[in-house]
Amino acid sequence: MSKSTKEMSYEDHEKQLKHHKHLQQLGKLGAVAAGAVALHEKHKAKKDPENSHSHKIKEEIAATVAVGAVGFAFHESHKKKEAKKEMWAQGKN
């Protein structure tokens with residue numbers, strides 16, 4: 001069970017800030033990777049006309065994953081900002 005914000009120390013807030021920063025970076029990395037897969041599948045669809053339908057479906061799935069990863073990174077960005085505000089509320093810079 002997690003501590004309430006009043007029970008958390010400055011160090012706990014720093015850990016929370018680093019945690020959300022790390023997750024934000026992972027979200028960005030996932031978005032880039034999924035975008036690369038989508039571009040790869042788009043290229044495969046052009047090169048392989050017999051299986052182009054399959055490649056187009058894979059491209060759409062990868063694009064959807066990329067959008068989801070961007071949303072996750074955006075969410076973690078807001079969580080990171082909240083953690084930073086709580087850290088500043090503790091009275092230390």
# chains A, B, ... in the order shown; residues from 1 in each chain; ligands from 1
>>> residues_around(residues="range 16-26 of chain A", least_positions_apart="2", cutoff="6 Å", atoms="only C-alpha atoms", output="PyMOL selection string")
chain A and resi 13-14+28-29+73+76+80+83
>>> closest_residue(among="A:Ser52, A:Lys15, A:Gly35, A:Glu7", to="Gly68 in chain A", atoms="only C-alpha atoms")
A:Gly35
>>> atom_distance(atom1="CA of Gly30 in chain A", atom2="CA of His75 in chain A")
14.0 Å
>>> residues_around(residues="His40 in chain A", least_positions_apart="6", cutoff="12 Å", atoms="only C-alpha atoms", output="list in words")
Ala33, Ala34, Lys46, Lys47, His55, Lys56, Lys58, Glu59, Glu60, Ala62 and Ala63 of chain A
>>> select_by_dssp(residues="chain A", states="alpha helix (DSSP H)", output="PyMOL selection string")
chain A and resi 10-47+52-89
>>> atom_distance(atom1="CA of His53 in chain A", atom2="CA of Val32 in chain A")
23.4 Å
>>> residues_around(residues="Met87 in chain A", least_positions_apart="2", cutoff="9 Å", atoms="only C-alpha atoms", output="PDB file with all heavy atoms, in the first residue's frame")
ATOM      1  N   SER A   9       8.254  11.348   2.327  1.00  0.00           N
ATOM      2  CA  SER A   9       9.397  12.221   2.556  1.00  0.00           C
ATOM      3  C   SER A   9       9.826  12.852   1.232  1.00  0.00           C
ATOM      4  O   SER A   9       9.340  12.500   0.162  1.00  0.00           O
ATOM      5  CB  SER A   9      10.556  11.420   3.144  1.00  0.00           C
ATOM      6  OG  SER A   9      11.062  10.520   2.176  1.00  0.00           O
ATOM      7  N   TYR A  10      10.762  13.767   1.325  1.00  0.00           N
ATOM      8  CA  TYR A  10      11.296  14.415   0.128  1.00  0.00           C
ATOM      9  C   TYR A  10      11.922  13.370  -0.794  1.00  0.00           C
ATOM     10  O   TYR A  10      11.754  13.422  -2.009  1.00  0.00           O
ATOM     11  CB  TYR A  10      12.324  15.478   0.544  1.00  0.00           C
ATOM     12  CG  TYR A  10      12.905  16.238  -0.615  1.00  0.00           C
ATOM     13  CD1 TYR A  10      12.170  17.234  -1.245  1.00  0.00           C
ATOM     14  CD2 TYR A  10      14.187  15.970  -1.080  1.00  0.00           C
ATOM     15  CE1 TYR A  10      12.694  17.945  -2.303  1.00  0.00           C
ATOM     16  CE2 TYR A  10      14.722  16.672  -2.139  1.00  0.00           C
ATOM     17  CZ  TYR A  10      13.970  17.665  -2.745  1.00  0.00           C
ATOM     18  OH  TYR A  10      14.491  18.356  -3.802  1.00  0.00           O
ATOM     19  N   GLU A  11      12.624  12.407  -0.200  1.00  0.00           N
ATOM     20  CA  GLU A  11      13.274  11.358  -0.989  1.00  0.00           C
ATOM     21  C   GLU A  11      12.242  10.483  -1.703  1.00  0.00           C
ATOM     22  O   GLU A  11      12.455  10.062  -2.837  1.00  0.00           O
ATOM     23  CB  GLU A  11      14.185  10.491  -0.113  1.00  0.00           C
ATOM     24  CG  GLU A  11      15.440  11.204   0.367  1.00  0.00           C
ATOM     25  CD  GLU A  11      15.181  12.166   1.527  1.00  0.00           C
ATOM     26  OE1 GLU A  11      14.154  12.015   2.219  1.00  0.00           O
ATOM     27  OE2 GLU A  11      15.997  13.085   1.720  1.00  0.00           O
ATOM     28  N   ASP A  12      11.118  10.228  -1.031  1.00  0.00           N
ATOM     29  CA  ASP A  12      10.038   9.457  -1.661  1.00  0.00           C
ATOM     30  C   ASP A  12       9.485  10.194  -2.870  1.00  0.00           C
ATOM     31  O   ASP A  12       9.186   9.593  -3.903  1.00  0.00           O
ATOM     32  CB  ASP A  12       8.916   9.173  -0.667  1.00  0.00           C
ATOM     33  CG  ASP A  12       9.315   8.193   0.421  1.00  0.00           C
ATOM     34  OD1 ASP A  12      10.245   7.395   0.186  1.00  0.00           O
ATOM     35  OD2 ASP A  12       8.701   8.234   1.505  1.00  0.00           O
ATOM     36  N   HIS A  13       9.352  11.502  -2.746  1.00  0.00           N
ATOM     37  CA  HIS A  13       8.872  12.307  -3.871  1.00  0.00           C
ATOM     38  C   HIS A  13       9.882  12.284  -5.018  1.00  0.00           C
ATOM     39  O   HIS A  13       9.488  12.243  -6.187  1.00  0.00           O
ATOM     40  CB  HIS A  13       8.592  13.746  -3.434  1.00  0.00           C
ATOM     41  CG  HIS A  13       7.338  13.895  -2.636  1.00  0.00           C
ATOM     42  ND1 HIS A  13       6.086  13.698  -3.159  1.00  0.00           N
ATOM     43  CD2 HIS A  13       7.146  14.209  -1.336  1.00  0.00           C
ATOM     44  CE1 HIS A  13       5.180  13.892  -2.224  1.00  0.00           C
ATOM     45  NE2 HIS A  13       5.803  14.209  -1.102  1.00  0.00           N
ATOM     46  N   GLU A  14      11.165  12.327  -4.693  1.00  0.00           N
ATOM     47  CA  GLU A  14      12.191  12.247  -5.737  1.00  0.00           C
ATOM     48  C   GLU A  14      12.119  10.907  -6.471  1.00  0.00           C
ATOM     49  O   GLU A  14      12.232  10.865  -7.691  1.00  0.00           O
ATOM     50  CB  GLU A  14      13.589  12.414  -5.123  1.00  0.00           C
ATOM     51  CG  GLU A  14      13.988  13.828  -4.854  1.00  0.00           C
ATOM     52  CD  GLU A  14      15.410  13.934  -4.347  1.00  0.00           C
ATOM     53  OE1 GLU A  14      15.899  12.986  -3.692  1.00  0.00           O
ATOM     54  OE2 GLU A  14      16.035  14.971  -4.610  1.00  0.00           O
ATOM     55  N   LEU A  17       9.190  10.963  -8.764  1.00  0.00           N
ATOM     56  CA  LEU A  17       9.498  11.788  -9.927  1.00  0.00           C
ATOM     57  C   LEU A  17      10.356  11.015 -10.924  1.00  0.00           C
ATOM     58  O   LEU A  17      10.067  11.001 -12.121  1.00  0.00           O
ATOM     59  CB  LEU A  17      10.214  13.069  -9.484  1.00  0.00           C
ATOM     60  CG  LEU A  17      10.614  14.051 -10.570  1.00  0.00           C
ATOM     61  CD1 LEU A  17       9.375  14.665 -11.191  1.00  0.00           C
ATOM     62  CD2 LEU A  17      11.507  15.129 -10.000  1.00  0.00           C
ATOM     63  N   GLU A  82       2.916  16.381 -11.534  1.00  0.00           N
ATOM     64  CA  GLU A  82       2.272  16.319 -10.220  1.00  0.00           C
ATOM     65  C   GLU A  82       3.280  15.961  -9.136  1.00  0.00           C
ATOM     66  O   GLU A  82       3.269  16.537  -8.048  1.00  0.00           O
ATOM     67  CB  GLU A  82       1.148  15.286 -10.237  1.00  0.00           C
ATOM     68  CG  GLU A  82      -0.079  15.710 -10.996  1.00  0.00           C
ATOM     69  CD  GLU A  82      -1.123  14.610 -11.059  1.00  0.00           C
ATOM     70  OE1 GLU A  82      -0.976  13.588 -10.360  1.00  0.00           O
ATOM     71  OE2 GLU A  82      -2.088  14.779 -11.815  1.00  0.00           O
ATOM     72  N   ALA A  83       4.151  15.006  -9.438  1.00  0.00           N
ATOM     73  CA  ALA A  83       5.167  14.601  -8.466  1.00  0.00           C
ATOM     74  C   ALA A  83       6.117  15.758  -8.171  1.00  0.00           C
ATOM     75  O   ALA A  83       6.527  15.960  -7.023  1.00  0.00           O
ATOM     76  CB  ALA A  83       5.936  13.394  -8.986  1.00  0.00           C
ATOM     77  N   LYS A  84       6.434  16.530  -9.197  1.00  0.00           N
ATOM     78  CA  LYS A  84       7.325  17.680  -9.009  1.00  0.00           C
ATOM     79  C   LYS A  84       6.655  18.738  -8.130  1.00  0.00           C
ATOM     80  O   LYS A  84       7.289  19.308  -7.238  1.00  0.00           O
ATOM     81  CB  LYS A  84       7.705  18.285 -10.361  1.00  0.00           C
ATOM     82  CG  LYS A  84       8.835  19.291 -10.283  1.00  0.00           C
ATOM     83  CD  LYS A  84       9.207  19.814 -11.655  1.00  0.00           C
ATOM     84  CE  LYS A  84      10.243  18.911 -12.263  1.00  0.00           C
ATOM     85  NZ  LYS A  84      10.827  19.459 -13.500  1.00  0.00           N
ATOM     86  N   LYS A  85       5.354  18.965  -8.341  1.00  0.00           N
ATOM     87  CA  LYS A  85       4.626  19.930  -7.516  1.00  0.00           C
ATOM     88  C   LYS A  85       4.595  19.484  -6.059  1.00  0.00           C
ATOM     89  O   LYS A  85       4.770  20.293  -5.145  1.00  0.00           O
ATOM     90  CB  LYS A  85       3.191  20.093  -8.027  1.00  0.00           C
ATOM     91  CG  LYS A  85       3.055  20.964  -9.228  1.00  0.00           C
ATOM     92  CD  LYS A  85       1.585  21.106  -9.598  1.00  0.00           C
ATOM     93  CE  LYS A  85       1.430  21.928 -10.856  1.00  0.00           C
ATOM     94  NZ  LYS A  85       0.007  22.046 -11.254  1.00  0.00           N
ATOM     95  N   ALA A  89       6.178  21.266  -2.786  1.00  0.00           N
ATOM     96  CA  ALA A  89       5.303  21.572  -1.653  1.00  0.00           C
ATOM     97  C   ALA A  89       5.952  21.156  -0.330  1.00  0.00           C
ATOM     98  O   ALA A  89       5.581  21.651   0.728  1.00  0.00           O
ATOM     99  CB  ALA A  89       3.956  20.899  -1.817  1.00  0.00           C
ATOM    100  N   GLN A  90       6.910  20.241  -0.401  1.00  0.00           N
ATOM    101  CA  GLN A  90       7.615  19.796   0.808  1.00  0.00           C
ATOM    102  C   GLN A  90       8.501  20.922   1.378  1.00  0.00           C
ATOM    103  O   GLN A  90       8.934  20.844   2.501  1.00  0.00           O
ATOM    104  CB  GLN A  90       8.483  18.567   0.502  1.00  0.00           C
ATOM    105  CG  GLN A  90       7.697  17.299   0.331  1.00  0.00           C
ATOM    106  CD  GLN A  90       7.229  16.746   1.658  1.00  0.00           C
ATOM    107  OE1 GLN A  90       7.862  16.930   2.684  1.00  0.00           O
ATOM    108  NE2 GLN A  90       6.098  16.082   1.625  1.00  0.00           N
ATOM    109  N   GLY A  91       8.809  21.911   0.540  1.00  0.00           N
ATOM    110  CA  GLY A  91       9.591  23.047   1.033  1.00  0.00           C
ATOM    111  C   GLY A  91      11.047  23.015   0.649  1.00  0.00           C
ATOM    112  O   GLY A  91      11.797  23.911   1.009  1.00  0.00           O
ATOM    113  N   LYS A  92      11.466  21.980  -0.058  1.00  0.00           N
ATOM    114  CA  LYS A  92      12.855  21.894  -0.497  1.00  0.00           C
ATOM    115  C   LYS A  92      12.912  22.024  -2.004  1.00  0.00           C
ATOM    116  O   LYS A  92      12.012  21.638  -2.710  1.00  0.00           O
ATOM    117  CB  LYS A  92      13.470  20.542  -0.096  1.00  0.00           C
ATOM    118  CG  LYS A  92      13.584  20.382   1.394  1.00  0.00           C
ATOM    119  CD  LYS A  92      14.288  19.085   1.714  1.00  0.00           C
ATOM    120  CE  LYS A  92      14.429  18.928   3.213  1.00  0.00           C
ATOM    121  NZ  LYS A  92      15.086  17.679   3.550  1.00  0.00           N
ATOM    122  N   ASN A  93      13.999  22.555  -2.523  1.00  0.00           N
ATOM    123  CA  ASN A  93      14.174  22.724  -3.966  1.00  0.00           C
ATOM    124  C   ASN A  93      14.981  21.606  -4.533  1.00  0.00           C
ATOM    125  O   ASN A  93      15.876  21.104  -4.093  1.00  0.00           O
ATOM    126  CB  ASN A  93      14.803  24.057  -4.290  1.00  0.00           C
ATOM    127  CG  ASN A  93      13.880  25.193  -3.879  1.00  0.00           C
ATOM    128  OD1 ASN A  93      12.703  24.974  -3.663  1.00  0.00           O
ATOM    129  ND2 ASN A  93      14.423  26.363  -3.780  1.00  0.00           N
TER     130      ASN A  93
END
>>> residues_around(residues="Val65 in chain A", least_positions_apart="4", cutoff="8 Å", atoms="only C-alpha atoms", output="PyMOL selection string")
chain A and resi 31+34+61+69
>>> write_last_selection(atoms="C-alpha atoms", output="PDB file, in the first residue's frame")
ATOM      1  CA  ALA A  31       6.117   5.163 -29.835  1.00  0.00           C
ATOM      2  CA  ALA A  34       5.981   1.149 -33.164  1.00  0.00           C
ATOM      3  CA  ILE A  61      -1.886  -2.254 -35.702  1.00  0.00           C
ATOM      4  CA  ALA A  69       2.420   4.738 -26.514  1.00  0.00           C
TER       5      ALA A  69
END
>>> atom_distance(atom1="CA of Thr64 in chain A", atom2="CA of Lys42 in chain A")
13.8 Å
